[in-house]
>>> print(open('target32.cif').read())   # mmCIF, C-alpha atoms
data_data
loop_
_atom_site.group_PDB
_atom_site.id
_atom_site.type_symbol
_atom_site.label_atom_id
_atom_site.label_comp_id
_atom_site.auth_asym_id
_atom_site.auth_seq_id
_atom_site.Cartn_x
_atom_site.Cartn_y
_atom_site.Cartn_z
ATOM 1 C CA ARG A 1 84.048 131.646 112.041
ATOM 2 C CA GLU A 2 86.282 132.090 109.031
ATOM 3 C CA SER A 3 85.326 130.760 105.604
ATOM 4 C CA LEU A 4 87.897 129.490 103.078
ATOM 5 C CA LEU A 5 86.647 129.649 99.512
ATOM 6 C CA HIS A 6 88.736 127.955 96.802
ATOM 7 C CA PRO A 7 87.934 125.994 93.651
ATOM 8 C CA GLY A 8 86.066 122.884 94.735
ATOM 9 C CA MET A 9 85.245 124.383 98.144
ATOM 10 C CA GLU A 10 82.273 126.337 99.392
ATOM 11 C CA GLU A 11 81.173 127.941 102.607
ATOM 12 C CA GLU A 12 79.492 125.501 104.962
ATOM 13 C CA ASP A 13 76.058 126.552 106.205
ATOM 14 C CA SER A 14 75.480 125.176 109.694
ATOM 15 C CA ARG A 15 71.699 125.519 109.194
ATOM 16 C CA ASP A 16 71.747 122.875 106.431
ATOM 17 C CA ASP A 17 73.740 120.008 107.912
ATOM 18 C CA GLY A 18 70.967 117.523 107.184
ATOM 19 C CA PRO A 19 69.925 114.650 109.428
ATOM 20 C CA SER A 20 72.510 113.072 111.693
ATOM 21 C CA ASP A 21 72.368 109.753 109.798
ATOM 22 C CA ASP A 22 73.649 111.615 106.722
ATOM 23 C CA VAL A 23 77.086 111.816 108.405
ATOM 24 C CA ARG A 24 78.730 108.510 107.532
ATOM 25 C CA LEU A 25 82.133 109.327 109.048
ATOM 26 C CA ALA A 26 82.980 111.657 111.934
ATOM 27 C CA ALA A 27 86.603 111.744 113.113
ATOM 28 C CA ARG A 28 88.768 114.042 115.199
ATOM 29 C CA THR A 29 92.541 114.337 115.535
ATOM 30 C CA ASP A 30 95.226 116.644 116.900
ATOM 31 C CA ALA A 31 97.768 115.211 114.424
ATOM 32 C CA THR A 32 96.740 117.516 111.590
ATOM 33 C CA LYS A 33 100.295 118.195 110.433
ATOM 34 C CA ILE A 34 101.216 114.533 109.865
ATOM 35 C CA VAL A 35 97.938 114.007 107.957
ATOM 36 C CA THR A 36 98.786 117.027 105.784
ATOM 37 C CA THR A 37 102.353 115.786 105.240
ATOM 38 C CA MET A 38 101.229 112.287 104.236
ATOM 39 C CA LEU A 39 98.604 113.492 101.780
ATOM 40 C CA GLY A 40 100.952 116.163 100.433
ATOM 41 C CA CYS A 41 103.429 113.416 99.496
ATOM 42 C CA LEU A 42 100.829 112.016 97.092
ATOM 43 C CA ILE A 43 100.968 115.198 95.023
ATOM 44 C CA LEU A 44 103.663 113.794 92.759
ATOM 45 C CA LYS A 45 104.111 116.880 90.588
ATOM 46 C CA PRO A 46 105.355 119.692 92.862
ATOM 47 C CA ASN A 47 104.304 122.543 90.553
ATOM 48 C CA GLN A 48 100.812 121.220 89.881
ATOM 49 C CA GLN A 49 98.028 123.734 90.549
ATOM 50 C CA ALA A 50 95.604 122.642 93.284
ATOM 51 C CA ALA A 51 92.544 122.980 91.040
ATOM 52 C CA SER A 52 94.033 120.537 88.502
ATOM 53 C CA GLY A 53 94.488 117.673 90.917
ATOM 54 C CA PRO A 54 95.685 115.055 91.197
ATOM 55 C CA ARG A 55 92.528 113.039 91.659
ATOM 56 C CA ALA A 56 92.667 110.505 94.468
ATOM 57 C CA TRP A 57 90.439 107.590 95.381
ATOM 58 C CA CYS A 58 89.610 107.397 99.092
ATOM 59 C CA GLN A 59 88.580 104.156 100.785
ATOM 60 C CA VAL A 60 87.190 104.347 104.325
ATOM 61 C CA ALA A 61 87.151 101.316 106.620
ATOM 62 C CA GLU A 62 87.235 100.558 110.332
ATOM 63 C CA GLN A 63 91.045 100.585 110.183
ATOM 64 C CA GLY A 64 91.311 104.087 108.715
ATOM 65 C CA LEU A 65 91.423 105.981 105.418
ATOM 66 C CA ASN A 66 93.405 104.940 102.365
ATOM 67 C CA PHE A 67 94.117 107.525 99.647
ATOM 68 C CA ILE A 68 95.332 106.213 96.257
ATOM 69 C CA VAL A 69 96.690 108.094 93.246
ATOM 70 C CA ALA A 70 98.086 106.882 89.914
ATOM 71 C CA GLU A 71 100.441 108.515 87.443
ATOM 72 C CA ALA A 72 100.560 107.347 83.813
ATOM 73 C CA LYS A 73 99.309 103.899 84.931
ATOM 74 C CA SER A 74 102.927 103.050 85.774
ATOM 75 C CA LEU A 75 103.189 104.593 89.237
ATOM 76 C CA HIS A 76 100.698 103.948 92.021
ATOM 77 C CA ALA A 77 100.981 105.674 95.386
ATOM 78 C CA SER A 78 98.913 105.292 98.539
ATOM 79 C CA ALA A 79 98.816 106.903 101.973
ATOM 80 C CA TYR A 80 97.170 104.980 104.780
ATOM 81 C CA ILE A 81 95.864 107.239 107.542
ATOM 82 C CA ARG A 82 95.388 104.809 110.424
ATOM 83 C CA ARG A 83 92.359 104.976 112.665
ATOM 84 C CA GLU A 84 94.690 105.128 115.716
ATOM 85 C CA LEU A 85 95.720 108.622 114.626
ATOM 86 C CA PHE A 86 92.243 109.866 115.579
ATOM 87 C CA HIS A 87 91.103 110.168 119.184
ATOM 88 C CA GLU A 88 87.492 110.091 117.997
ATOM 89 C CA TRP A 89 86.298 107.834 115.170
ATOM 90 C CA LYS A 90 82.654 107.129 114.318
ATOM 91 C CA LEU A 91 81.878 105.150 111.186
ATOM 92 C CA ASP A 92 78.352 104.238 110.135
ATOM 93 C CA ASP A 93 77.490 100.577 110.750
ATOM 94 C CA LYS A 94 76.839 99.838 107.071
ATOM 95 C CA HIS A 95 80.493 100.633 106.279
ATOM 96 C CA ARG A 96 82.014 98.393 108.952
ATOM 97 C CA GLY A 97 83.288 94.842 108.899
ATOM 98 C CA GLN A 98 85.518 92.730 106.667
ATOM 99 C CA THR A 99 82.992 92.936 103.826
ATOM 100 C CA PRO A 100 80.735 95.927 104.558
ATOM 101 C CA SER A 101 77.238 95.949 103.104
ATOM 102 C CA GLU A 102 78.009 99.346 101.565
ATOM 103 C CA PRO A 103 81.710 100.201 101.078
ATOM 104 C CA LEU A 104 82.449 103.869 101.726
ATOM 105 C CA GLN A 105 84.677 105.208 98.951
ATOM 106 C CA PHE A 106 84.775 108.302 96.805
ATOM 107 C CA GLY A 107 86.980 110.464 94.596
ATOM 108 C CA VAL A 108 88.521 113.716 95.752
ATOM 109 C CA ASN A 109 90.670 116.459 94.292
ATOM 110 C CA LEU A 110 93.739 115.858 96.422
ATOM 111 C CA GLY A 111 95.359 119.154 95.478
ATOM 112 C CA THR A 112 92.371 121.099 96.787
ATOM 113 C CA LEU A 113 92.145 118.935 99.920
ATOM 114 C CA VAL A 114 95.808 119.439 100.789
ATOM 115 C CA GLU A 115 95.620 123.161 100.045
ATOM 116 C CA CYS A 116 92.680 123.394 102.428
ATOM 117 C CA LEU A 117 94.561 121.482 105.145
ATOM 118 C CA ARG A 118 97.643 123.669 104.717
ATOM 119 C CA ILE A 119 95.589 126.834 105.051
ATOM 120 C CA LEU A 120 93.825 125.456 108.107
ATOM 121 C CA THR A 121 97.107 124.528 109.813
ATOM 122 C CA GLY A 122 99.189 127.439 108.531
ATOM 123 C CA GLY A 123 98.873 129.557 111.647
ATOM 124 C CA GLY A 124 99.861 126.881 114.160
ATOM 125 C CA GLY A 125 98.088 126.143 117.411
ATOM 126 C CA SER A 126 97.287 128.753 120.050
ATOM 127 C CA LEU A 127 99.728 128.823 122.991
ATOM 128 C CA ASP A 128 101.759 126.083 121.271
ATOM 129 C CA LYS A 129 98.851 123.665 121.696
ATOM 130 C CA PRO A 130 98.008 121.666 118.566
ATOM 131 C CA ALA A 131 94.791 122.604 116.839
ATOM 132 C CA THR A 132 92.082 119.964 116.480
ATOM 133 C CA LEU A 133 90.809 118.841 113.089
ATOM 134 C CA ASP A 134 87.247 117.535 112.740
ATOM 135 C CA LEU A 135 86.590 115.522 109.580
ATOM 136 C CA LYS A 136 83.094 114.562 108.432
ATOM 137 C CA TYR A 137 81.753 112.879 105.313
ATOM 138 C CA CYS A 138 78.127 113.676 104.480
ATOM 139 C CA ALA A 139 76.585 111.192 102.050
ATOM 140 C CA ALA A 140 73.546 113.197 100.864
ATOM 141 C CA SER A 141 75.656 116.148 99.749
ATOM 142 C CA SER A 142 78.744 114.022 98.875
ATOM 143 C CA CYS A 143 80.972 116.444 100.753
ATOM 144 C CA LEU A 144 83.918 116.396 103.106
ATOM 145 C CA LEU A 145 83.606 118.952 105.865
ATOM 146 C CA LEU A 146 86.886 119.997 107.508
ATOM 147 C CA THR A 147 86.709 122.026 110.712
ATOM 148 C CA LEU A 148 89.785 123.291 112.555
ATOM 149 C CA VAL A 149 89.318 124.292 116.186
ATOM 150 C CA ASP A 150 92.185 126.427 117.471
ATOM 151 C CA GLY A 151 91.308 127.870 120.861
ATOM 152 C CA ASN A 152 88.282 130.088 120.292
ATOM 153 C CA ALA A 153 88.841 130.225 116.532
ATOM 154 C CA VAL A 154 86.861 127.867 114.307
ATOM 155 C CA THR A 155 87.663 127.565 110.601
ATOM 156 C CA GLN A 156 85.686 125.424 108.158
ATOM 157 C CA CYS A 157 85.867 124.388 104.546
ATOM 158 C CA LYS A 158 83.599 122.131 102.557
ATOM 159 C CA LEU A 159 85.008 120.017 99.741
ATOM 160 C CA HIS A 160 82.804 118.314 97.161
ATOM 161 C CA THR A 161 83.830 114.758 96.310
ATOM 162 C CA LEU A 162 84.177 113.557 92.716
ATOM 163 C CA ALA A 163 82.463 110.940 90.598
ATOM 164 C CA MET A 164 85.382 109.052 89.029
ATOM 165 C CA GLU A 165 86.582 105.589 88.110
ATOM 166 C CA PRO A 166 88.013 103.809 91.164
ATOM 167 C CA ILE A 167 91.789 103.512 91.360
ATOM 168 C CA GLU A 168 92.606 99.983 92.440
ATOM 169 C CA CYS A 169 95.324 99.244 94.950
ATOM 170 C CA VAL A 170 98.297 97.459 93.410
ATOM 171 C CA HIS A 171 99.656 94.693 95.603
ATOM 172 C CA ILE A 172 102.720 92.503 95.295
ATOM 173 C CA ASP A 173 103.353 89.270 97.170
ATOM 174 C CA SER A 174 104.508 89.552 100.755
ATOM 175 C CA HIS A 175 107.430 87.243 99.921
ATOM 176 C CA THR A 176 109.679 88.745 97.245
ATOM 177 C CA PRO A 177 113.176 87.837 95.974
ATOM 178 C CA VAL A 178 114.520 91.192 97.176
ATOM 179 C CA ARG A 179 113.881 93.100 100.390
ATOM 180 C CA ILE A 180 116.181 95.933 101.476
ATOM 181 C CA VAL A 181 115.689 98.443 104.296
ATOM 182 C CA LEU A 182 117.697 101.668 104.493
ATOM 183 C CA LYS A 183 117.608 104.759 106.620
ATOM 184 C CA SER A 184 115.894 107.334 104.439
ATOM 185 C CA GLU A 185 118.708 109.771 105.177
ATOM 186 C CA VAL A 186 121.243 107.352 103.659
ATOM 187 C CA LEU A 187 119.130 106.860 100.547
ATOM 188 C CA ARG A 188 118.447 110.596 100.288
ATOM 189 C CA ASP A 189 122.145 111.494 100.543
ATOM 190 C CA GLY A 190 123.036 108.860 97.970
ATOM 191 C CA ILE A 191 120.443 110.056 95.514
ATOM 192 C CA SER A 192 121.600 113.644 95.926
ATOM 193 C CA GLU A 193 124.968 112.553 94.536
ATOM 194 C CA LEU A 194 123.370 111.425 91.298
ATOM 195 C CA GLU A 195 123.299 113.858 88.398
ATOM 196 C CA TRP A 196 119.564 114.465 88.026
ATOM 197 C CA GLY A 197 120.144 117.022 85.277
ATOM 198 C CA GLY A 198 116.966 119.054 85.872
ATOM 199 C CA ASP A 199 113.366 118.587 84.786
ATOM 200 C CA SER A 200 113.998 119.571 81.171
ATOM 201 C CA ASN A 201 116.147 116.504 80.523
ATOM 202 C CA GLN A 202 114.096 113.839 82.319
ATOM 203 C CA LYS A 203 112.290 112.489 79.276
ATOM 204 C CA ASP A 204 115.282 110.622 77.889
ATOM 205 C CA LYS A 205 116.471 109.223 81.221
ATOM 206 C CA ARG A 206 116.035 105.857 82.864
ATOM 207 C CA VAL A 207 117.120 104.349 86.154
ATOM 208 C CA SER A 208 118.678 100.891 86.322
ATOM 209 C CA LEU A 209 118.207 99.268 89.719
ATOM 210 C CA ARG A 210 120.520 96.324 90.318
ATOM 211 C CA VAL A 211 120.752 94.010 93.322
ATOM 212 C CA SER A 212 123.805 91.743 93.325
ATOM 213 C CA LEU A 213 124.943 88.975 95.667
ATOM 214 C CA GLU A 214 128.705 88.918 95.060
ATOM 215 C CA PRO A 215 129.417 91.432 96.313
ATOM 216 C CA ALA A 216 126.138 92.045 98.140
ATOM 217 C CA GLN A 217 125.000 95.554 97.165
ATOM 218 C CA LEU A 218 122.290 97.764 95.750
ATOM 219 C CA SER A 219 123.131 100.102 92.883
ATOM 220 C CA LEU A 220 121.188 102.831 91.103
ATOM 221 C CA THR A 221 122.387 104.015 87.699
ATOM 222 C CA VAL A 222 120.822 107.072 86.084
ATOM 223 C CA SER A 223 121.541 107.299 82.385
ATOM 224 C CA SER A 224 120.550 109.206 79.273
ATOM 225 C CA VAL A 225 122.040 109.839 75.862
ATOM 226 C CA GLU A 226 124.591 112.264 77.298
ATOM 227 C CA LEU A 227 124.882 111.285 80.958
ATOM 228 C CA GLY A 228 125.505 108.303 83.230
ATOM 229 C CA CYS A 229 125.990 108.205 86.990
ATOM 230 C CA GLU A 230 125.961 105.299 89.447
ATOM 231 C CA MET A 231 125.425 105.172 93.210
ATOM 232 C CA VAL A 232 126.266 101.969 95.092
ATOM 233 C CA PHE A 233 124.960 101.044 98.554
ATOM 234 C CA SER A 234 126.949 98.385 100.423
ATOM 235 C CA PRO A 235 125.438 96.146 103.155
ATOM 236 C CA ASP A 236 127.078 98.366 105.789
ATOM 237 C CA SER A 237 124.803 101.212 104.721
ATOM 238 C CA MET A 238 121.645 99.072 104.964
ATOM 239 C CA MET A 239 119.536 98.056 107.928
ATOM 240 C CA CYS A 240 118.435 94.863 106.180
ATOM 241 C CA PHE A 241 119.589 93.087 102.994
ATOM 242 C CA GLU A 242 117.685 90.029 101.781
ATOM 243 C CA ALA A 243 118.147 88.799 98.221
ATOM 244 C CA SER A 244 117.850 85.336 96.723
ATOM 245 C CA CYS A 245 119.268 86.196 93.291
ATOM 246 C CA THR A 246 120.949 88.913 91.263
ATOM 247 C CA THR A 247 118.262 91.188 89.809
ATOM 248 C CA GLU A 248 118.246 94.179 87.484
ATOM 249 C CA PHE A 249 115.380 96.230 86.023
ATOM 250 C CA ASP A 250 115.015 99.614 84.338
ATOM 251 C CA TYR A 251 112.462 102.272 85.257
ATOM 252 C CA ARG A 252 111.373 105.635 83.973
ATOM 253 C CA PHE A 253 113.514 108.224 85.687
ATOM 254 C CA ALA A 254 110.628 110.685 86.015
ATOM 255 C CA LEU A 255 108.418 108.189 87.868
ATOM 256 C CA LEU A 256 111.066 107.056 90.337
ATOM 257 C CA HIS A 257 112.025 110.672 90.949
ATOM 258 C CA MET A 258 108.387 111.486 91.791
ATOM 259 C CA ALA A 259 108.264 108.669 94.340
ATOM 260 C CA LEU A 260 111.594 109.456 95.967
ATOM 261 C CA ARG A 261 110.733 113.126 96.513
ATOM 262 C CA SER A 262 108.917 112.025 99.669
ATOM 263 C CA ILE A 263 111.919 110.442 101.398
ATOM 264 C CA ARG A 264 112.943 113.803 102.867
ATOM 265 C CA ASP A 265 110.080 113.561 105.385
ATOM 266 C CA SER A 266 110.468 109.853 106.224
ATOM 267 C CA ASP A 267 112.663 107.850 108.627
ATOM 268 C CA GLU A 268 113.141 104.528 106.824
ATOM 269 C CA THR A 269 112.614 103.154 103.326
ATOM 270 C CA CYS A 270 111.889 99.517 102.491
ATOM 271 C CA VAL A 271 112.681 98.462 98.899
ATOM 272 C CA ARG A 272 111.111 95.271 97.536
ATOM 273 C CA LEU A 273 111.235 93.747 94.061
ATOM 274 C CA ASN A 274 109.165 90.885 92.694
ATOM 275 C CA GLU A 275 110.170 88.563 89.871
ATOM 276 C CA GLN A 276 108.415 90.720 87.238
ATOM 277 C CA GLY A 277 110.336 93.826 88.315
ATOM 278 C CA MET A 278 107.523 95.614 90.106
ATOM 279 C CA LEU A 279 109.296 97.952 92.516
ATOM 280 C CA HIS A 280 107.602 98.477 95.870
ATOM 281 C CA LEU A 281 108.793 101.350 98.057
ATOM 282 C CA MET A 282 107.445 101.716 101.595
ATOM 283 C CA LEU A 283 108.368 104.889 103.492
ATOM 284 C CA LYS A 284 107.957 105.030 107.262
ATOM 285 C CA PHE A 285 106.972 108.352 108.817
ATOM 286 C CA PRO A 286 107.142 109.180 112.533
ATOM 287 C CA SER A 287 103.979 110.002 114.447
ATOM 288 C CA GLU A 288 103.751 111.845 117.746
ATOM 289 C CA THR A 289 100.436 110.176 118.593
ATOM 290 C CA ALA A 290 100.944 107.756 121.490
ATOM 291 C CA ASN A 291 98.904 104.827 120.144
ATOM 292 C CA CYS A 292 100.022 105.282 116.519
ATOM 293 C CA ALA A 293 103.808 104.994 116.439
ATOM 294 C CA ASN A 294 104.387 105.102 112.669
ATOM 295 C CA MET A 295 102.667 105.961 109.402
ATOM 296 C CA PHE A 296 103.446 104.470 106.002
ATOM 297 C CA LEU A 297 103.447 105.705 102.417
ATOM 298 C CA GLU A 298 103.646 103.156 99.594
ATOM 299 C CA PHE A 299 104.688 103.421 95.952
ATOM 300 C CA VAL A 300 104.581 100.761 93.236
ATOM 301 C CA VAL A 301 106.592 101.508 90.082
ATOM 302 C CA PHE A 302 106.265 99.342 86.978
ATOM 303 C CA PRO A 303 109.450 98.590 85.044
ATOM 304 C CA LEU A 304 110.328 99.172 81.443
ATOM 305 C CA ILE A 305 110.450 95.960 79.470
ATOM 306 C CA GLU A 306 112.969 95.107 76.765
ATOM 307 C CA GLU A 307 110.667 95.478 73.762
ATOM 308 C CA GLU A 308 109.354 98.818 74.942
ATOM 309 C CA GLN A 309 112.737 100.310 75.746
ATOM 310 C CA ASP A 310 113.428 100.290 72.012
ATOM 311 C CA GLU A 311 110.344 102.497 71.552
ATOM 312 C CA GLY A 312 111.410 105.023 74.193
ATOM 313 C CA PRO A 313 111.374 105.279 77.964
ATOM 314 C CA PHE A 314 107.744 106.425 78.144
ATOM 315 C CA ALA A 315 106.345 103.199 76.717
ATOM 316 C CA THR A 316 105.904 101.389 80.042
ATOM 317 C CA ASN A 317 102.888 99.095 79.927
ATOM 318 C CA GLN A 318 101.853 97.375 83.123
ATOM 319 C CA GLN A 319 99.512 95.005 81.269
ATOM 320 C CA SER A 320 102.485 93.340 79.593
ATOM 321 C CA LEU A 321 103.805 92.340 83.018
ATOM 322 C CA GLY A 322 101.021 89.824 83.524
#
>>> encode(input="target32.cif", output="structure tokens")
Amino acid sequence: RESLLHPGMEEEDSRDDGPSDDVRLAARTDATKIVTTMLGCLILKPNQQAASGPRAWCQVAEQGLNFIVAEAKSLHASAYIRRELFHEWKLDDKHRGQTPSEPLQFGVNLGTLVECLRILTGGGGSLDKPATLDLKYCAASSCLLLTLVDGNAVTQCKLHTLAMEPIECVHIDSHTPVRIVLKSEVLRDGISELEWGGDSNQKDKRVSLRVSLEPAQLSLTVSSVELGCEMVFSPDSMMCFEASCTTEFDYRFALLHMALRSIRDSDETCVRLNEQGMLHLMLKFPSETANCANMFLEFVVFPLIEEEQDEGPFATNQQSLG
């Protein structure tokens, strides 16, 4: 057995596993790479050190695991790891049902968790066979135990969970004035044409997202004091275009850029806007698991409002949106 020791991790001692009823969740999957990819997309700052986060809130239910992160209270992101992705799934009775008697949820250093998963999966499976990941949550020790079984090799790491304020899921109505679906490749190629200008100049930039009816199109305009660039998507480039009115809102460039970094790994992107300008992005990821066709990553970005734009692009306040 190999031990992986990193900040927030410690060697697991098999002699001190505790009673079996201490294990509240026991799951097993061969789809370790898609789990790693999905959770890695929630690390919104690419150069962030693993030990410094980000912190994520994990909610466990019969349907699967939901990991939620927030950035500057103006960007919320969540990755839903569906139960169908696991060929074994055992959840303690007290955590089951529509309203469980004891919800299972905890904080976790997502940077450390993803680093652990990447190390576990870095060598690939033996004889081109995918390695199996065992995931357990032990309540008494408040730890996640990750075990990778690759042929005769067994690798473990133990990750302590965090006591933190819960991060609430942000929802928008299912019926919105704007709903647009694009192939992620189309959106990715379009965005690559925009003049991002590098990280050093992001603080003075904003993105104007406009949906018009005549002509029917979606446009993204990136602008700053010295730079402006627009990309227009016509209906021919979209899989679905539904809009009941012309709509335009501004967003912090840095936040939208963080969210759209993940489109490179996805197949399709659904863009929705509500009347207050909350921008909902849903990215669809392929899954090779037979009974779990697709996985989804969601982002909610809060807009700049007129009064706050005068104070600078970093003054976004979601409370003012009602």
>>> atom_distance(input="target32.cif", atom1="atom CA of Lys136 of chain A", atom2="atom CA of Phe285 of chain A")
24.7 Å
>>> residues_near_point(input="target32.cif", point="(114.6, 87.1, 95.8)", cutoff="10 Å", atoms="only C-alpha atoms", output="list in words")
His175, Thr176, Pro177, Val178, Arg179, Val211, Glu242, Ala243, Ser244, Cys245, Thr246, Thr247, Arg272, Leu273, Asn274 and Glu275 of chain A
>>> write_last_selection(input="target32.cif", atoms="C-alpha atoms", output="PDB file, in the frame of the given file")
ATOM      1  CA  HIS A 175     107.430  87.243  99.921  1.00  0.00           C
ATOM      2  CA  THR A 176     109.679  88.745  97.245  1.00  0.00           C
ATOM      3  CA  PRO A 177     113.176  87.837  95.974  1.00  0.00           C
ATOM      4  CA  VAL A 178     114.520  91.192  97.176  1.00  0.00           C
ATOM      5  CA  ARG A 179     113.881  93.100 100.390  1.00  0.00           C
ATOM      6  CA  VAL A 211     120.752  94.010  93.322  1.00  0.00           C
ATOM      7  CA  GLU A 242     117.685  90.029 101.781  1.00  0.00           C
ATOM      8  CA  ALA A 243     118.147  88.799  98.221  1.00  0.00           C
ATOM      9  CA  SER A 244     117.850  85.336  96.723  1.00  0.00           C
ATOM     10  CA  CYS A 245     119.268  86.196  93.291  1.00  0.00           C
ATOM     11  CA  THR A 246     120.949  88.913  91.263  1.00  0.00           C
ATOM     12  CA  THR A 247     118.262  91.188  89.809  1.00  0.00           C
ATOM     13  CA  ARG A 272     111.111  95.271  97.536  1.00  0.00           C
ATOM     14  CA  LEU A 273     111.235  93.747  94.061  1.00  0.00           C
ATOM     15  CA  ASN A 274     109.165  90.885  92.694  1.00  0.00           C
ATOM     16  CA  GLU A 275     110.170  88.563  89.871  1.00  0.00           C
TER      17      GLU A 275
END
>>> resolve_selection(input="target32.cif", expression="the PyMOL selection byres ((chain A and resi 25-38) around 9)", output="ChimeraX atom specification")
/A:23-24,39-42,60,79-81,83,85-92,114-115,117-118,121,130-138,262,265,285-289,295-297
>>> closest_residue(input="target32.cif", among="A:Ser224, A:Thr161, A:Ser234, A:Thr147", to="Leu187 of chain A", atoms="only C-alpha atoms")
A:Ser234
>>> closest_residue(input="target32.cif", among="A:Val108, A:Ile305, A:Ile172, A:Ala61", to="Lys94 of chain A", atoms="all atoms listed in the file")
A:Ala61
>>> atom_distance(input="target32.cif", atom1="atom CA of Val181 of chain A", atom2="atom CA of Ala70 of chain A")
24.2 Å
>>> atom_distance(input="target32.cif", atom1="atom CA of Gln48 of chain A", atom2="atom CA of Leu120 of chain A")
20.0 Å
>>> residues_around(input="target32.cif", residues="Tyr251 of chain A", least_positions_apart="4", cutoff="7 Å", atoms="all atoms listed in the file", output="short mmCIF file (atom, residue, chain, number, x, y, z; two decimals) with C-alpha atoms, in the frame of the given file")
data_model
loop_
_atom_site.label_atom_id
_atom_site.label_comp_id
_atom_site.auth_asym_id
_atom_site.auth_seq_id
_atom_site.Cartn_x
_atom_site.Cartn_y
_atom_site.Cartn_z
CA ARG A 206 116.04 105.86 82.86
CA VAL A 207 117.12 104.35 86.15
CA SER A 208 118.68 100.89 86.32
CA PRO A 303 109.45 98.59 85.04
CA LEU A 304 110.33 99.17 81.44
#
>>> axis_aligned_box(input="target32.cif", around="segment 267-271 of chain A", padding_each_side="5 Å", output="lines of an AutoDock Vina configuration file")
center_x = 112.5
center_y = 103.2
center_z = 103.8
size_x = 11.3
size_y = 19.4
size_z = 19.7
>>> residues_near_point(input="target32.cif", point="(115.2, 102.3, 102.6)", cutoff="9 Å", atoms="only C-alpha atoms", output="PDB file with C-alpha atoms, in the frame of the given file")
ATOM      1  CA  ILE A 180     116.181  95.933 101.476  1.00  0.00           C
ATOM      2  CA  VAL A 181     115.689  98.443 104.296  1.00  0.00           C
ATOM      3  CA  LEU A 182     117.697 101.668 104.493  1.00  0.00           C
ATOM      4  CA  LYS A 183     117.608 104.759 106.620  1.00  0.00           C
ATOM      5  CA  SER A 184     115.894 107.334 104.439  1.00  0.00           C
ATOM      6  CA  GLU A 185     118.708 109.771 105.177  1.00  0.00           C
ATOM      7  CA  VAL A 186     121.243 107.352 103.659  1.00  0.00           C
ATOM      8  CA  LEU A 187     119.130 106.860 100.547  1.00  0.00           C
ATOM      9  CA  MET A 238     121.645  99.072 104.964  1.00  0.00           C
ATOM     10  CA  MET A 239     119.536  98.056 107.928  1.00  0.00           C
ATOM     11  CA  CYS A 240     118.435  94.863 106.180  1.00  0.00           C
ATOM     12  CA  ILE A 263     111.919 110.442 101.398  1.00  0.00           C
ATOM     13  CA  ASP A 267     112.663 107.850 108.627  1.00  0.00           C
ATOM     14  CA  GLU A 268     113.141 104.528 106.824  1.00  0.00           C
ATOM     15  CA  THR A 269     112.614 103.154 103.326  1.00  0.00           C
ATOM     16  CA  CYS A 270     111.889  99.517 102.491  1.00  0.00           C
ATOM     17  CA  VAL A 271     112.681  98.462  98.899  1.00  0.00           C
ATOM     18  CA  LEU A 281     108.793 101.350  98.057  1.00  0.00           C
ATOM     19  CA  MET A 282     107.445 101.716 101.595  1.00  0.00           C
ATOM     20  CA  LEU A 283     108.368 104.889 103.492  1.00  0.00           C
TER      21      LEU A 283
END
>>> resolve_selection(input="target32.cif", expression="the PyMOL selection byres ((chain A and resi 67-69) around 7)", output="ChimeraX atom specification")
/A:42,55-59,65-66,70-71,76-80,167
>>> residues_around(input="target32.cif", residues="Gln49 of chain A", least_positions_apart="2", cutoff="12 Å", atoms="only C-alpha atoms", output="list in words")
His6, Pro7, Ile43, Leu44, Lys45, Pro46, Asn47, Ala51, Ser52, Gly53, Pro54, Asn109, Leu110, Gly111, Thr112, Val114 and Glu115 of chain A
>>> resolve_selection(input="target32.cif", expression="the PyMOL selection byres ((chain A and resi 171) around 10)", output="list of chain:residue names")
A:His76, A:Glu168, A:Cys169, A:Val170, A:Ile172, A:Asp173, A:Ser174, A:Met278, A:His280, A:Val300
